[in-house]
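A.B. asks: Shown below is the structure under consideration.
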Amino acid sequence: MDSDSKLRVFSTATSGSTWSRSTGVEPAPLTDSYVNSPTQPIQAVSPVRKTKRLAKPPRLNRIVAVGGGKGGVGKSLVTSSLGISLAKRGKRVVVVDADLGGANLHTCLGLTSPTRTLSDFIARRVSSIEDVLLETGVPNLRLISGAHDHLTASNLKYFQKKRLLSKISEIDADYILLDIGAGITLNIIDFFLLADEGLLVVVPEPSSIENAYRFVKTSLYRLLWRALKTGPARGVVEHAMDQKNAEGIRTPFDLLEAIERVDAPTGQMLKEKARGFRPRLLINQLRFPEDEGLGRSMATVCRRHLGIDIDAIGSVSFDESVWKANRKRRPFMLDYPESTAGAALGDVADSLIFSHRGSYPRPASGV
Ligand SMILES: Nc1ncnc2c1ncn2[C@@H]1O[C@H](COP(=O)(O)OP(=O)(O)OP(=O)(O)O)[C@@H](O)[C@H]1O
Ligand SMILES: [Mg+2]
């Protein structure tokens, strides 16, 4: 049985529901038009004397991307609530609506549709990322509202995503939380990988579990593929994405073995990369006590079949107070911090703070 079949069995058993094959979410292809472009402009080389650049100090802020593959699982609720919790704990926080298709993070913060958004920065209508930073009314918490201009925003090239992340990383804050939206498209996967850490929100339903697993698997392949600029190993990774490939590569384990056979040092380098990929998992909308163990079960499946560790960071119950806050158009975490879901999200904020590793390298601007 291949790893996907095992996951189907596992997910059906865990949730007790019928397995659905048609999730409507297609994994992203590994390539994007920029990477594949056969005609990259060749830069004229002028005899400029090289000057030594002063190394920038490492960043002290921490960028956390909140994803999960499936729509409606609670990514925006989690992003806004963690933002409020961290801000209440004295951290300077910016929440960014990087859901380039369906921006609505402002609603979770009780704000009406802002006039300045990420679109203005992407389209260079404003010169600085600071120009689209908005006050939320919550002390220590600012918002970058999502792009509403689909054509500009949803087809970003890789270098544009890197530039965006690089500019966002320059914001003076302790935590920058990105709501990256639903799906397993390249935009979403790249934001997840470009952030310092990734948090996956999953609900105890087969389609959400399957999407989260595919999200992790596609991210891992994309990470390995991006680590290779050229060479035969890159072709091996591309073959591996086709689950029915003739080479018999079915798992990332098989893939890394296949690469080691064609290029041992590259295989070692990629194993190191894969070890550094450690997403966190938050189970949301829990309704039954037996679903409590879902995070641990998914971590076991990912270790066994993808060879990576994921950290189950917490679980949040389905809570009527979320709905009550929605109806009042009020931020849930401001009005119901003592509710069951509010307290659990507060615990997740605490564990984010306690697991802070210190400093992070600056992402290259790519431009
Ligand atoms: N723990 C919870 N208890 C009750 N309701 C919840 C909980 N988490 C999320 N919800 C509700 O589920 C719905 C979806 O949540 P949210 O908009 O945060 O999901 P999302 O993953 O951001 O969706 P999308 O993919 O469409 O952006 C909202 O109505 C939200 O209030
Ligand atoms: Mg959302």
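In the structure tokens, the first chain shown is A, the next is B, and so on; residue numbers restart at 1 for each chain, and ligands run from 1 in the order shown.
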Using only C-alpha atoms and all ligand atoms, determine which residues fall within 9 Å of ligand 2, then list them as a list in words.
C.D. replies: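 So the residues close to ligand 2 are Gly71, Gly72, Val73, Gly74, Lys75, Ser76, Leu77, Thr79, Asp97, Asp99, Gly102, Ala103, Asn104, Leu105, Cys108, Asp179, Ile180, Gly181 and Ala182 of chain A.
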A.B. asks: Given only C-alpha atoms and all ligand atoms as the basis, pick out the residue of A:Leu286, A:Val95, A:Val262, A:Leu228 nearest to ligand 1.
C.D. replies: A:Leu286
A.B. asks: Write down as a ChimeraX atom specification the residues of range 56-259 of chain A whose backbone DSSP state falls under strand (DSSP E).
C.D. replies: /A:62-67,93-97,133-135,141-144,175-179,197-202
A.B. asks: Distance CA of Glu130 in chain A-CA of Ser85 in chain A, one decimal place?
C.D. replies: 22.7 Å
A.B. asks: Any chance you could list, as a list in words, the residues in range 42-148 of chain A that come up helix (DSSP H, G or I) when DSSP is run on the backbone?
C.D. replies: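 Taking range 42-148 of chain A and keeping helix (DSSP H, G or I) gives Lys75, Ser76, Leu77, Val78, Thr79, Ser80, Ser81, Leu82, Gly83, Ile84, Ser85, Leu86, Ala87, Lys88, Leu105, His106, Thr107, Cys108, Leu118, Ser119, Asp120, Phe121, Ile122, Ile129, Glu130, Asp131 and Val132 of chain A.
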A.B. asks: Hey, can you check how far CA of His305 in chain A sits from CA of Phe253 in chain A?
C.D. replies: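 Separating CA of His305 in chain A from CA of Phe253 in chain A is a distance of 7.9 Å.
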A.B. asks: For Asn155 in chain A, which residue among A:Thr185, A:Thr340, A:Thr112, A:Thr218 is the nearest when counting only C-alpha atoms?
C.D. replies: A:Thr185
A.B. asks: Could you give me, as a ChimeraX atom specification, the residues within 12 Å of Lys271 in chain A, counting only C-alpha atoms and dropping anything in the same chain fewer than 4 positions from it?
C.D. replies: /A:220-221,223-224,227,252-260,264-267,275-277,306-308
A.B. asks: Output the selection as a compact mmCIF listing (two decimals), in the first residue's frame - N, CA and C atoms for each residue.
C.D. replies:
```
# COMPACT_ATOMS: atom_id res chain seq x y z
N LEU A 220 7.14 19.87 0.77
CA LEU A 220 8.44 19.21 0.90
C LEU A 220 9.09 19.04 -0.48
N TYR A 221 8.31 18.57 -1.46
CA TYR A 221 8.86 18.42 -2.80
C TYR A 221 9.30 19.77 -3.37
N LEU A 223 10.21 22.39 -1.70
CA LEU A 223 11.42 22.82 -0.97
C LEU A 223 12.67 22.16 -1.57
N LEU A 224 12.56 20.86 -1.84
CA LEU A 224 13.71 20.13 -2.40
C LEU A 224 14.01 20.62 -3.81
N ALA A 227 15.71 23.90 -3.86
CA ALA A 227 17.10 23.83 -3.36
C ALA A 227 18.07 23.48 -4.49
N PRO A 252 9.00 10.70 -0.29
CA PRO A 252 10.23 11.50 -0.23
C PRO A 252 11.45 10.65 0.11
N PHE A 253 11.25 9.56 0.89
CA PHE A 253 12.37 8.65 1.18
C PHE A 253 12.94 8.10 -0.12
N ASP A 254 12.01 7.53 -0.95
CA ASP A 254 12.43 6.97 -2.25
C ASP A 254 13.17 8.03 -3.06
N LEU A 255 12.61 9.25 -3.02
CA LEU A 255 13.18 10.33 -3.82
C LEU A 255 14.62 10.63 -3.40
N LEU A 256 14.82 10.77 -2.09
CA LEU A 256 16.17 11.12 -1.61
C LEU A 256 17.15 9.99 -1.92
N GLU A 257 16.67 8.75 -1.83
CA GLU A 257 17.54 7.61 -2.19
C GLU A 257 17.91 7.68 -3.67
N ALA A 258 16.89 7.98 -4.51
CA ALA A 258 17.12 8.04 -5.96
C ALA A 258 18.13 9.14 -6.29
N ILE A 259 18.01 10.27 -5.59
CA ILE A 259 18.95 11.37 -5.85
C ILE A 259 20.35 10.99 -5.41
N GLU A 260 20.45 10.34 -4.26
CA GLU A 260 21.78 9.94 -3.78
C GLU A 260 22.49 9.03 -4.77
N ALA A 264 25.54 11.82 -4.89
CA ALA A 264 25.55 11.60 -3.44
C ALA A 264 25.61 12.89 -2.62
N PRO A 265 26.50 13.86 -2.92
CA PRO A 265 26.54 15.08 -2.09
C PRO A 265 25.21 15.85 -2.14
N THR A 266 24.59 15.89 -3.33
CA THR A 266 23.30 16.59 -3.43
C THR A 266 22.25 15.88 -2.59
N GLY A 267 22.27 14.54 -2.62
CA GLY A 267 21.33 13.77 -1.81
C GLY A 267 21.48 14.12 -0.33
N ARG A 275 15.21 17.71 6.80
CA ARG A 275 15.21 17.65 8.28
C ARG A 275 14.83 18.99 8.88
N GLY A 276 15.19 20.09 8.19
CA GLY A 276 14.90 21.43 8.71
C GLY A 276 13.44 21.85 8.50
N PHE A 277 12.69 21.08 7.75
CA PHE A 277 11.28 21.42 7.47
C PHE A 277 10.41 20.80 8.56
N LEU A 306 6.55 10.51 5.21
CA LEU A 306 7.24 11.63 4.55
C LEU A 306 8.64 11.83 5.13
N GLY A 307 8.90 11.18 6.26
CA GLY A 307 10.23 11.30 6.86
C GLY A 307 10.47 12.65 7.52
N ILE A 308 9.40 13.38 7.85
CA ILE A 308 9.61 14.68 8.51
C ILE A 308 8.83 14.72 9.83
```
A.B. asks: Which residues are near range 287-292 of chain A? Cut-off 10 Å, only C-alpha atoms, ignore same chain within fewer than 6 positions. Put them as a PyMOL selection string.
C.D. replies: chain A and resi 14-15+203-205+314-319
